[in-house]
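Student: Below is the file work.pdb, which contains PDB, C-alpha atoms.
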```pdb
MODEL        1
ATOM      1  CA  GLU H   1     -50.528 -47.974   0.478  1.00  0.00           C
ATOM      2  CA  LEU H   2     -50.609 -51.751   0.846  1.00  0.00           C
ATOM      3  CA  LYS H   3     -52.621 -52.094  -2.350  1.00  0.00           C
ATOM      4  CA  ASN H   4     -50.221 -49.761  -4.145  1.00  0.00           C
ATOM      5  CA  LEU H   5     -47.155 -51.689  -2.974  1.00  0.00           C
ATOM      6  CA  ARG H   6     -48.579 -55.030  -3.992  1.00  0.00           C
ATOM      7  CA  ASP H   7     -49.152 -53.696  -7.491  1.00  0.00           C
ATOM      8  CA  CYS H   8     -45.768 -51.964  -7.733  1.00  0.00           C
ATOM      9  CA  LEU H   9     -43.678 -54.809  -6.289  1.00  0.00           C
ATOM     10  CA  LYS H  10     -45.265 -57.747  -8.057  1.00  0.00           C
ATOM     11  CA  PRO H  11     -42.991 -59.683 -10.459  1.00  0.00           C
ATOM     12  CA  GLY H  12     -42.745 -57.650 -13.642  1.00  0.00           C
ATOM     13  CA  GLY H  13     -44.497 -54.724 -11.941  1.00  0.00           C
ATOM     14  CA  ARG H  14     -43.737 -51.076 -12.508  1.00  0.00           C
ATOM     15  CA  GLY H  15     -41.181 -51.062  -9.689  1.00  0.00           C
ATOM     16  CA  GLU H  16     -38.934 -53.602 -11.406  1.00  0.00           C
ATOM     17  CA  ILE H  17     -39.505 -52.224 -14.901  1.00  0.00           C
ATOM     18  CA  ALA H  18     -38.851 -48.579 -14.018  1.00  0.00           C
ATOM     19  CA  ALA H  19     -35.723 -49.257 -11.965  1.00  0.00           C
ATOM     20  CA  ARG H  20     -34.239 -51.473 -14.643  1.00  0.00           C
ATOM     21  CA  ALA H  21     -34.928 -48.844 -17.303  1.00  0.00           C
ATOM     22  CA  SER H  22     -33.154 -46.237 -15.173  1.00  0.00           C
ATOM     23  CA  TRP H  23     -30.078 -48.259 -14.237  1.00  0.00           C
ATOM     24  CA  TYR H  24     -29.443 -51.044 -16.744  1.00  0.00           C
ATOM     25  CA  ARG H  25     -27.268 -48.805 -18.926  1.00  0.00           C
ATOM     26  CA  HIS H  26     -24.664 -48.625 -16.142  1.00  0.00           C
ATOM     27  CA  ASP H  27     -22.115 -51.443 -16.284  1.00  0.00           C
ATOM     28  CA  TRP H  28     -22.278 -52.342 -12.579  1.00  0.00           C
ATOM     29  CA  ALA H  29     -26.087 -52.346 -12.610  1.00  0.00           C
ATOM     30  CA  LYS H  30     -26.251 -54.382 -15.821  1.00  0.00           C
ATOM     31  CA  ALA H  31     -24.003 -57.024 -14.265  1.00  0.00           C
ATOM     32  CA  GLU H  32     -26.138 -57.083 -11.097  1.00  0.00           C
ATOM     33  CA  TYR H  33     -29.429 -57.308 -12.979  1.00  0.00           C
ATOM     34  CA  ASP H  34     -28.049 -60.082 -15.190  1.00  0.00           C
ATOM     35  CA  ARG H  35     -26.800 -61.982 -12.133  1.00  0.00           C
ATOM     36  CA  ARG H  36     -30.123 -61.708 -10.370  1.00  0.00           C
ATOM     37  CA  GLU H  37     -32.001 -62.798 -13.477  1.00  0.00           C
ATOM     38  CA  ASN H  38     -29.730 -65.839 -13.952  1.00  0.00           C
ATOM     39  CA  GLU H  39     -30.224 -66.832 -10.310  1.00  0.00           C
ATOM     40  CA  GLY H  40     -33.977 -66.322 -10.421  1.00  0.00           C
ATOM     41  CA  LEU H  41     -33.879 -63.350  -8.052  1.00  0.00           C
ATOM     42  CA  PRO H  42     -36.124 -60.263  -8.288  1.00  0.00           C
ATOM     43  CA  GLY H  43     -34.582 -57.110  -9.730  1.00  0.00           C
ATOM     44  CA  LEU H  44     -33.447 -54.086  -7.768  1.00  0.00           C
ATOM     45  CA  ILE H  45     -36.229 -51.596  -7.002  1.00  0.00           C
ATOM     46  CA  GLU H  46     -36.155 -47.899  -6.083  1.00  0.00           C
ATOM     47  CA  LEU H  47     -39.143 -47.943  -3.774  1.00  0.00           C
ATOM     48  CA  ASP H  48     -39.643 -44.222  -3.137  1.00  0.00           C
ATOM     49  CA  LYS H  49     -39.032 -43.130  -6.691  1.00  0.00           C
ATOM     50  CA  HIS H  50     -41.062 -45.691  -8.601  1.00  0.00           C
ATOM     51  CA  CYS H  51     -43.729 -46.984  -6.212  1.00  0.00           C
ATOM     52  CA  TYR H  52     -45.019 -43.726  -4.730  1.00  0.00           C
ATOM     53  CA  GLY H  53     -44.599 -41.306  -7.607  1.00  0.00           C
ATOM     54  CA  ASN H  54     -45.245 -37.570  -7.580  1.00  0.00           C
ATOM     55  CA  THR H  55     -48.174 -35.294  -6.757  1.00  0.00           C
ATOM     56  CA  VAL H  56     -51.232 -36.039  -8.904  1.00  0.00           C
ATOM     57  CA  ASN H  57     -52.947 -32.682  -8.405  1.00  0.00           C
ATOM     58  CA  SER H  58     -53.701 -30.118  -5.695  1.00  0.00           C
ATOM     59  CA  LYS H  59     -56.257 -32.430  -4.054  1.00  0.00           C
ATOM     60  CA  VAL H  60     -54.472 -35.747  -4.545  1.00  0.00           C
ATOM     61  CA  PRO H  61     -50.910 -35.652  -3.163  1.00  0.00           C
ATOM     62  CA  ARG H  62     -50.169 -39.249  -4.224  1.00  0.00           C
ATOM     63  CA  ALA H  63     -51.921 -41.697  -6.540  1.00  0.00           C
ATOM     64  CA  GLN H  64     -52.287 -44.261  -3.738  1.00  0.00           C
ATOM     65  CA  TRP H  65     -54.860 -41.990  -2.052  1.00  0.00           C
ATOM     66  CA  THR H  66     -56.999 -41.369  -5.157  1.00  0.00           C
ATOM     67  CA  GLU H  67     -59.707 -43.818  -4.144  1.00  0.00           C
ATOM     68  CA  LEU H  68     -59.710 -42.636  -0.525  1.00  0.00           C
ATOM     69  CA  ILE H  69     -60.156 -39.013  -1.552  1.00  0.00           C
ATOM     70  CA  ALA H  70     -62.923 -39.892  -4.018  1.00  0.00           C
ATOM     71  CA  GLN H  71     -64.791 -41.671  -1.222  1.00  0.00           C
ATOM     72  CA  ASN H  72     -64.380 -38.688   1.108  1.00  0.00           C
ATOM     73  CA  PRO H  73     -64.781 -35.561  -1.057  1.00  0.00           C
ATOM     74  CA  ASP H  74     -65.395 -33.373   2.009  1.00  0.00           C
ATOM     75  CA  LYS H  75     -62.014 -34.261   3.508  1.00  0.00           C
ATOM     76  CA  ILE H  76     -58.610 -32.736   2.787  1.00  0.00           C
ATOM     77  CA  ILE H  77     -55.333 -34.616   3.093  1.00  0.00           C
ATOM     78  CA  ASN H  78     -52.838 -32.235   4.644  1.00  0.00           C
ATOM     79  CA  LEU H  79     -49.393 -33.808   4.871  1.00  0.00           C
ATOM     80  CA  PRO H  80     -46.534 -31.605   6.131  1.00  0.00           C
ATOM     81  CA  ASN H  81     -44.177 -34.610   5.812  1.00  0.00           C
ATOM     82  CA  ILE H  82     -45.471 -36.509   2.810  1.00  0.00           C
ATOM     83  CA  HIS H  83     -42.314 -38.602   2.421  1.00  0.00           C
ATOM     84  CA  LEU H  84     -42.858 -40.017   5.912  1.00  0.00           C
ATOM     85  CA  VAL H  85     -46.607 -40.583   5.669  1.00  0.00           C
ATOM     86  CA  GLN H  86     -46.688 -42.053   2.164  1.00  0.00           C
ATOM     87  CA  SER H  87     -44.477 -44.971   3.216  1.00  0.00           C
ATOM     88  CA  LEU H  88     -45.786 -46.097   6.602  1.00  0.00           C
ATOM     89  CA  ILE H  89     -45.515 -49.681   5.330  1.00  0.00           C
ATOM     90  CA  GLY H  90     -42.882 -49.351   2.631  1.00  0.00           C
ATOM     91  CA  ARG H  91     -40.112 -48.040   4.852  1.00  0.00           C
ATOM     92  CA  SER H  92     -40.238 -51.324   6.763  1.00  0.00           C
ATOM     93  CA  LEU H  93     -39.247 -53.264   3.635  1.00  0.00           C
ATOM     94  CA  TYR H  94     -35.598 -53.027   4.661  1.00  0.00           C
ATOM     95  CA  THR H  95     -34.309 -55.449   2.061  1.00  0.00           C
ATOM     96  CA  LEU H  96     -35.178 -53.247  -0.932  1.00  0.00           C
ATOM     97  CA  PRO H  97     -32.806 -50.326  -0.229  1.00  0.00           C
ATOM     98  CA  LEU H  98     -30.208 -52.593   1.380  1.00  0.00           C
ATOM     99  CA  GLU H  99     -29.873 -54.728  -1.758  1.00  0.00           C
ATOM    100  CA  TRP H 100     -28.456 -51.706  -3.594  1.00  0.00           C
ATOM    101  CA  TRP H 101     -25.697 -51.487  -0.981  1.00  0.00           C
ATOM    102  CA  TYR H 102     -24.859 -55.158  -1.359  1.00  0.00           C
ATOM    103  CA  ALA H 103     -24.742 -54.679  -5.123  1.00  0.00           C
ATOM    104  CA  ASN H 104     -22.054 -51.987  -4.743  1.00  0.00           C
ATOM    105  CA  PHE H 105     -20.015 -53.140  -1.745  1.00  0.00           C
ATOM    106  CA  GLN H 106     -18.511 -56.378  -0.498  1.00  0.00           C
ATOM    107  CA  SER H 107     -20.612 -58.248   2.064  1.00  0.00           C
ATOM    108  CA  GLU H 108     -17.766 -58.176   4.577  1.00  0.00           C
ATOM    109  CA  ASP H 109     -17.831 -54.368   4.466  1.00  0.00           C
ATOM    110  CA  ILE H 110     -21.476 -54.228   5.600  1.00  0.00           C
ATOM    111  CA  TYR H 111     -22.513 -54.918   9.178  1.00  0.00           C
ATOM    112  CA  PHE H 112     -26.155 -55.794   9.744  1.00  0.00           C
ATOM    113  CA  VAL H 113     -27.548 -55.682  13.260  1.00  0.00           C
ATOM    114  CA  CYS H 114     -31.073 -56.112  14.585  1.00  0.00           C
ATOM    115  CA  THR H 115     -31.799 -53.163  16.852  1.00  0.00           C
ATOM    116  CA  GLU H 116     -33.424 -55.536  19.330  1.00  0.00           C
ATOM    117  CA  GLU H 117     -29.985 -57.092  19.898  1.00  0.00           C
ATOM    118  CA  LEU H 118     -28.674 -53.788  21.217  1.00  0.00           C
ATOM    119  CA  ARG H 119     -30.851 -54.281  24.293  1.00  0.00           C
ATOM    120  CA  ASP H 120     -28.633 -57.152  25.413  1.00  0.00           C
ATOM    121  CA  VAL H 121     -27.478 -55.941  28.831  1.00  0.00           C
ATOM    122  CA  THR H 122     -24.158 -57.777  28.440  1.00  0.00           C
ATOM    123  CA  GLY H 123     -23.311 -55.058  25.933  1.00  0.00           C
ATOM    124  CA  GLU H 124     -21.668 -57.599  23.633  1.00  0.00           C
ATOM    125  CA  PRO H 125     -23.708 -56.733  20.498  1.00  0.00           C
ATOM    126  CA  VAL H 126     -22.652 -53.094  20.898  1.00  0.00           C
ATOM    127  CA  ASN H 127     -19.053 -54.200  21.412  1.00  0.00           C
ATOM    128  CA  LYS H 128     -19.126 -56.288  18.209  1.00  0.00           C
ATOM    129  CA  LEU H 129     -20.504 -53.315  16.290  1.00  0.00           C
ATOM    130  CA  GLY H 130     -17.736 -51.137  17.675  1.00  0.00           C
ATOM    131  CA  GLN H 131     -15.076 -53.658  16.693  1.00  0.00           C
ATOM    132  CA  PHE H 132     -16.449 -53.774  13.155  1.00  0.00           C
ATOM    133  CA  LEU H 133     -16.019 -49.994  13.041  1.00  0.00           C
ATOM    134  CA  GLY H 134     -12.406 -50.374  14.149  1.00  0.00           C
ATOM    135  CA  LEU H 135     -12.867 -49.419  17.796  1.00  0.00           C
ATOM    136  CA  PRO H 136     -11.075 -51.282  20.581  1.00  0.00           C
ATOM    137  CA  SER H 137     -13.034 -53.886  22.517  1.00  0.00           C
ATOM    138  CA  TYR H 138     -15.042 -52.406  25.377  1.00  0.00           C
ATOM    139  CA  ASN H 139     -17.414 -53.685  28.042  1.00  0.00           C
ATOM    140  CA  PHE H 140     -20.659 -51.801  27.419  1.00  0.00           C
ATOM    141  CA  SER H 141     -22.664 -53.670  30.059  1.00  0.00           C
ATOM    142  CA  ASP H 142     -22.794 -50.712  32.457  1.00  0.00           C
ATOM    143  CA  VAL H 143     -23.945 -48.375  29.680  1.00  0.00           C
ATOM    144  CA  VAL H 144     -26.611 -50.681  28.263  1.00  0.00           C
ATOM    145  CA  GLY H 145     -27.705 -51.673  31.752  1.00  0.00           C
ATOM    146  CA  GLU H 146     -28.739 -48.074  32.408  1.00  0.00           C
ATOM    147  CA  GLY H 147     -31.619 -48.444  29.936  1.00  0.00           C
ATOM    148  CA  MET H 148     -32.510 -46.649  26.707  1.00  0.00           C
ATOM    149  CA  TYR H 149     -31.854 -43.092  25.599  1.00  0.00           C
ATOM    150  CA  ASN H 150     -34.029 -40.712  23.598  1.00  0.00           C
ATOM    151  CA  VAL H 151     -37.212 -42.718  24.231  1.00  0.00           C
ATOM    152  CA  GLY H 152     -40.369 -42.266  26.234  1.00  0.00           C
ATOM    153  CA  PHE H 153     -40.497 -38.981  28.076  1.00  0.00           C
ATOM    154  CA  ASN H 154     -36.687 -38.609  28.210  1.00  0.00           C
ATOM    155  CA  GLN H 155     -35.791 -36.992  24.936  1.00  0.00           C
ATOM    156  CA  GLY H 156     -32.109 -36.590  24.144  1.00  0.00           C
ATOM    157  CA  TYR H 157     -29.055 -38.442  25.411  1.00  0.00           C
ATOM    158  CA  ASP H 158     -28.335 -36.808  28.750  1.00  0.00           C
ATOM    159  CA  LYS H 159     -30.721 -39.035  30.694  1.00  0.00           C
ATOM    160  CA  SER H 160     -31.641 -42.691  30.274  1.00  0.00           C
ATOM    161  CA  THR H 161     -34.999 -44.417  30.680  1.00  0.00           C
ATOM    162  CA  SER H 162     -34.582 -47.507  32.852  1.00  0.00           C
ATOM    163  CA  TRP H 163     -35.437 -50.897  31.372  1.00  0.00           C
ATOM    164  CA  GLU H 164     -38.217 -51.210  33.938  1.00  0.00           C
ATOM    165  CA  ASP H 165     -39.796 -47.971  32.733  1.00  0.00           C
ATOM    166  CA  VAL H 166     -39.217 -48.945  29.101  1.00  0.00           C
ATOM    167  CA  GLU H 167     -41.169 -52.152  29.660  1.00  0.00           C
ATOM    168  CA  LYS H 168     -44.008 -50.252  31.344  1.00  0.00           C
ATOM    169  CA  GLU H 169     -44.166 -47.770  28.468  1.00  0.00           C
ATOM    170  CA  GLU H 170     -44.084 -50.464  25.791  1.00  0.00           C
ATOM    171  CA  ASN H 171     -46.925 -52.343  27.468  1.00  0.00           C
ATOM    172  CA  ALA H 172     -48.970 -49.176  27.922  1.00  0.00           C
ATOM    173  CA  GLU H 173     -51.746 -48.333  25.507  1.00  0.00           C
ATOM    174  CA  GLY H 174     -50.294 -46.436  22.585  1.00  0.00           C
ATOM    175  CA  GLY H 175     -46.757 -47.805  22.889  1.00  0.00           C
ATOM    176  CA  LEU H 176     -43.464 -46.371  24.080  1.00  0.00           C
ATOM    177  CA  GLY H 177     -43.766 -42.806  25.254  1.00  0.00           C
ATOM    178  CA  ARG H 178     -47.239 -42.372  23.801  1.00  0.00           C
ATOM    179  CA  ARG H 179     -50.849 -42.640  24.825  1.00  0.00           C
ATOM    180  CA  LEU H 180     -53.770 -43.422  22.585  1.00  0.00           C
ATOM    181  CA  ASP H 181     -55.763 -40.253  21.998  1.00  0.00           C
ATOM    182  CA  LYS H 182     -58.588 -39.223  19.709  1.00  0.00           C
ATOM    183  CA  SER H 183     -56.228 -38.419  16.840  1.00  0.00           C
ATOM    184  CA  GLU H 184     -54.841 -41.974  16.707  1.00  0.00           C
ATOM    185  CA  ILE H 185     -56.586 -44.915  15.095  1.00  0.00           C
ATOM    186  CA  PRO H 186     -55.871 -48.401  16.491  1.00  0.00           C
ATOM    187  CA  LEU H 187     -54.813 -50.985  13.919  1.00  0.00           C
ATOM    188  CA  PRO H 188     -57.451 -53.719  13.486  1.00  0.00           C
ATOM    189  CA  ASP H 189     -56.164 -57.234  14.110  1.00  0.00           C
ATOM    190  CA  ASP H 190     -57.077 -58.437  10.615  1.00  0.00           C
ATOM    191  CA  LEU H 191     -55.201 -55.554   8.987  1.00  0.00           C
ATOM    192  CA  ARG H 192     -52.196 -56.127  11.255  1.00  0.00           C
ATOM    193  CA  GLU H 193     -52.136 -59.785  10.216  1.00  0.00           C
ATOM    194  CA  GLU H 194     -52.451 -58.826   6.544  1.00  0.00           C
ATOM    195  CA  ILE H 195     -49.472 -56.464   6.841  1.00  0.00           C
ATOM    196  CA  MET H 196     -47.360 -59.047   8.689  1.00  0.00           C
ATOM    197  CA  ILE H 197     -48.072 -61.598   5.951  1.00  0.00           C
ATOM    198  CA  PHE H 198     -47.038 -59.008   3.368  1.00  0.00           C
ATOM    199  CA  PHE H 199     -43.784 -58.318   5.257  1.00  0.00           C
ATOM    200  CA  LYS H 200     -42.773 -61.955   5.708  1.00  0.00           C
ATOM    201  CA  PRO H 201     -41.254 -62.754   2.267  1.00  0.00           C
ATOM    202  CA  TYR H 202     -39.329 -59.465   2.291  1.00  0.00           C
ATOM    203  CA  ASN H 203     -38.024 -60.191   5.781  1.00  0.00           C
ATOM    204  CA  GLU H 204     -36.935 -63.664   4.689  1.00  0.00           C
ATOM    205  CA  ARG H 205     -35.232 -62.113   1.671  1.00  0.00           C
ATOM    206  CA  LEU H 206     -33.410 -59.741   4.028  1.00  0.00           C
ATOM    207  CA  PHE H 207     -32.313 -62.528   6.375  1.00  0.00           C
ATOM    208  CA  LYS H 208     -31.001 -64.619   3.496  1.00  0.00           C
ATOM    209  CA  ARG H 209     -29.089 -61.690   2.019  1.00  0.00           C
ATOM    210  CA  THR H 210     -27.487 -60.633   5.322  1.00  0.00           C
ATOM    211  CA  GLY H 211     -27.040 -64.058   6.891  1.00  0.00           C
ATOM    212  CA  ARG H 212     -28.680 -62.723  10.050  1.00  0.00           C
ATOM    213  CA  ARG H 213     -32.174 -63.342  11.434  1.00  0.00           C
ATOM    214  CA  CYS H 214     -34.137 -60.860  13.544  1.00  0.00           C
ATOM    215  CA  ASN H 215     -36.890 -61.894  15.949  1.00  0.00           C
ATOM    216  CA  TRP H 216     -39.730 -60.137  14.124  1.00  0.00           C
ATOM    217  CA  ASP H 217     -42.412 -62.835  14.184  1.00  0.00           C
TER
ENDMDL
END
```
Translate the structure described by the file into structure tokens.
Tutor:
Amino acid sequence: ELKNLRDCLKPGGRGEIAARASWYRHDWAKAEYDRRENEGLPGLIELDKHCYGNTVNSKVPRAQWTELIAQNPDKIINLPNIHLVQSLIGRSLYTLPLEWWYANFQSEDIYFVCTEELRDVTGEPVNKLGQFLGLPSYNFSDVVGEGMYNVGFNQGYDKSTSWEDVEKEENAEGGLGRRLDKSEIPLPDDLREEIMIFFKPYNERLFKRTGRRCNWD
């Protein structure tokens, strides 16, 4: 997938070309593409549609796995949720879909929040989000102080997982609410670093566009 994304998202790559061909005939999109070009910004990209494509054949569900399947002819890729699996990396490129929203709506009508901020036990980040949505100010400290919902072994929203237990789970092998088993493959450090380097310019693009910075280093 990483190799596929690098090829699709490179300047002048198929991602930019295909999206422009699809949308440039619309007045709002033409104005946005022209603006971005004049300011030296990359064009809008429809990641799912133009970078992942459709099924190649019965044995190759997506082109990005062609080489992998050729190297392992005795294996079968069975993907009940192909949309989820095909974009393990791509769905973390938050700036690409968000830029379409900024192209169609005023910046002041979009509220960007880092999910990590919602852990603030003062509850103020949640309060600010609520105020943006038109809700009256409220002290959420008691609610947030309870912990997290729908995580770990407490699925649903009727029971919270305390912050102490959340920390234990996050530090446990396999991550929050999971344990490493034979079906899971640990991510090698060099590959993790390669992915983080790939993410960095897209994260910076996101931070510049939203005027907010998340602690993702």
Student: State, in Å with one decimal place, the distance from CA of Asn81 in chain H to CA of Pro61 in chain H.
Tutor: 11.3 Å
Student: What's the separation between CA of Glu1 in chain H and CA of Ile89 in chain H, in Å to one decimal place?
Tutor: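 Computing it gives 7.2 Å between the two atoms.
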Student: Can you measure CA of Pro42 in chain H to CA of Trp216 in chain H for me? One decimal in Å is fine.
Tutor: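 Between these atoms lies a distance of 22.7 Å.
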Student: Give me, as CSV, each residue of range 96-135 of chain H that comes within 12 Å of range 207-213 of chain H, together with its shortest interatomic pair and the distance in Å at one decimal, counting all atoms listed in the file, with rows ordered by chain and rising residue number.
Tutor:
```
residue,atom,partner,partner_atom,distance
H:Leu96,CA,H:Arg209,CA,10.8
H:Leu98,CA,H:Arg209,CA,9.2
H:Glu99,CA,H:Arg209,CA,8.0
H:Trp100,CA,H:Arg209,CA,11.5
H:Trp101,CA,H:Arg209,CA,11.2
H:Tyr102,CA,H:Arg209,CA,8.5
H:Ala103,CA,H:Arg209,CA,10.9
H:Gln106,CA,H:Thr210,CA,11.5
H:Ser107,CA,H:Thr210,CA,8.0
H:Glu108,CA,H:Thr210,CA,10.1
H:Asp109,CA,H:Thr210,CA,11.5
H:Ile110,CA,H:Thr210,CA,8.8
H:Tyr111,CA,H:Thr210,CA,8.5
H:Phe112,CA,H:Thr210,CA,6.7
H:Val113,CA,H:Arg212,CA,7.8
H:Cys114,CA,H:Arg213,CA,8.0
H:Thr115,CA,H:Arg213,CA,11.5
H:Glu116,CA,H:Arg213,CA,11.2
H:Glu117,CA,H:Arg213,CA,10.7
```
Student: Near Thr55 in chain H, within 12 Å and counting all atoms listed in the file, which residues show up once chain neighbours fewer than 6 positions away are dropped, as a tab-separated table (two decimals) with C-alpha atoms, keeping the file's coordinate frame?
Tutor:
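Saved result, part-v4.tsv, follows:
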```tsv
chain	number	residue	atom	x	y	z
H	61	PRO	CA	-50.91	-35.65	-3.16
H	62	ARG	CA	-50.17	-39.25	-4.22
H	63	ALA	CA	-51.92	-41.70	-6.54
H	64	GLN	CA	-52.29	-44.26	-3.74
H	65	TRP	CA	-54.86	-41.99	-2.05
H	66	THR	CA	-57.00	-41.37	-5.16
H	79	LEU	CA	-49.39	-33.81	4.87
H	82	ILE	CA	-45.47	-36.51	2.81
H	83	HIS	CA	-42.31	-38.60	2.42
H	86	GLN	CA	-46.69	-42.05	2.16
```
Student: Between H:Asn57, H:Asn38, H:Asn203, H:Gln155, single out the one closest to Ile77 in chain H, counting only C-alpha atoms.
Tutor: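 That would be H:Asn57, the residue with the smallest distance to Ile77 in chain H.
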Student: Could you work out an axis-aligned box for range 150-166 of chain H, taking every atom the file lists and adding 4 Å on each side, and report centre and edge lengths in Å to one decimal, as AutoDock Vina command-line options?
Tutor:
```
--center_x -34.4 --center_y -43.9 --center_z 28.8 --size_x 20.2 --size_y 22.6 --size_z 18.3
```
Student: Considering all atoms listed in the file, can you say which of H:Glu170, H:Asp120, H:Asp7, H:Glu16 comes closest to Gly147 in chain H?
Tutor: H:Asp120
Student: Hey, what's within 10 Å of Leu118 in chain H if we count only C-alpha atoms and toss same-chain stuff fewer than 5 positions away? As a list of chain:residue names, please?
Tutor: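 Final neighbour list, sorted by chain and number: H:Val113, H:Gly123, H:Glu124, H:Pro125, H:Val126, H:Asn127, H:Leu129, H:Val144, H:Met148.
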Student: Of the candidates H:Glu146, H:Ala29, H:Asp190, H:Phe140, which shows the shortest atom-to-atom distance to Lys128 in chain H, using only C-alpha atoms?
Tutor: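 The answer is H:Phe140, which sits nearest to Lys128 in chain H.
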Student: Closest to Tyr94 in chain H among H:Arg6, H:Ser141, H:Ile45, H:Glu67, using only C-alpha atoms?
Tutor: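 So, comparing all the options, the nearest one is H:Ile45.
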Student: Here is a test: counting only C-alpha atoms, which residue of H:Gln131, H:Asn171, H:Thr95, H:Asn154 is nearest to Phe199 in chain H?
Tutor: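 Nearest candidate to Phe199 in chain H out of H:Gln131, H:Asn171, H:Thr95, H:Asn154: H:Thr95.
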Student: Running the PyMOL selection byres ((chain H and resi 14) around 12) on this model by hand, what would come out? Give it as a PyMOL selection string.
Tutor: chain H and resi 4-13+15-22+43-47+49-53
Student: Would you translate the PyMOL selection byres ((chain H and resi 162) around 12) into the concrete set of residues it matches in this file, as an MDAnalysis selection string?
Tutor: chainID H and resid 119 121 143:154 159:161 163:169
Student: Just so the selection is clear, what residues does the PyMOL selection byres ((chain H and resi 200) around 12) cover here, as a PDB file with C-alpha atoms, in the frame of the given file?
Tutor:
```pdb
ATOM      1  CA  SER H  92     -40.238 -51.324   6.763  1.00  0.00           C
ATOM      2  CA  LEU H  93     -39.247 -53.264   3.635  1.00  0.00           C
ATOM      3  CA  TYR H  94     -35.598 -53.027   4.661  1.00  0.00           C
ATOM      4  CA  THR H  95     -34.309 -55.449   2.061  1.00  0.00           C
ATOM      5  CA  GLU H 193     -52.136 -59.785  10.216  1.00  0.00           C
ATOM      6  CA  GLU H 194     -52.451 -58.826   6.544  1.00  0.00           C
ATOM      7  CA  ILE H 195     -49.472 -56.464   6.841  1.00  0.00           C
ATOM      8  CA  MET H 196     -47.360 -59.047   8.689  1.00  0.00           C
ATOM      9  CA  ILE H 197     -48.072 -61.598   5.951  1.00  0.00           C
ATOM     10  CA  PHE H 198     -47.038 -59.008   3.368  1.00  0.00           C
ATOM     11  CA  PHE H 199     -43.784 -58.318   5.257  1.00  0.00           C
ATOM     12  CA  PRO H 201     -41.254 -62.754   2.267  1.00  0.00           C
ATOM     13  CA  TYR H 202     -39.329 -59.465   2.291  1.00  0.00           C
ATOM     14  CA  ASN H 203     -38.024 -60.191   5.781  1.00  0.00           C
ATOM     15  CA  GLU H 204     -36.935 -63.664   4.689  1.00  0.00           C
ATOM     16  CA  ARG H 205     -35.232 -62.113   1.671  1.00  0.00           C
ATOM     17  CA  LEU H 206     -33.410 -59.741   4.028  1.00  0.00           C
ATOM     18  CA  PHE H 207     -32.313 -62.528   6.375  1.00  0.00           C
ATOM     19  CA  CYS H 214     -34.137 -60.860  13.544  1.00  0.00           C
ATOM     20  CA  ASN H 215     -36.890 -61.894  15.949  1.00  0.00           C
ATOM     21  CA  TRP H 216     -39.730 -60.137  14.124  1.00  0.00           C
ATOM     22  CA  ASP H 217     -42.412 -62.835  14.184  1.00  0.00           C
TER      23      ASP H 217
END
```
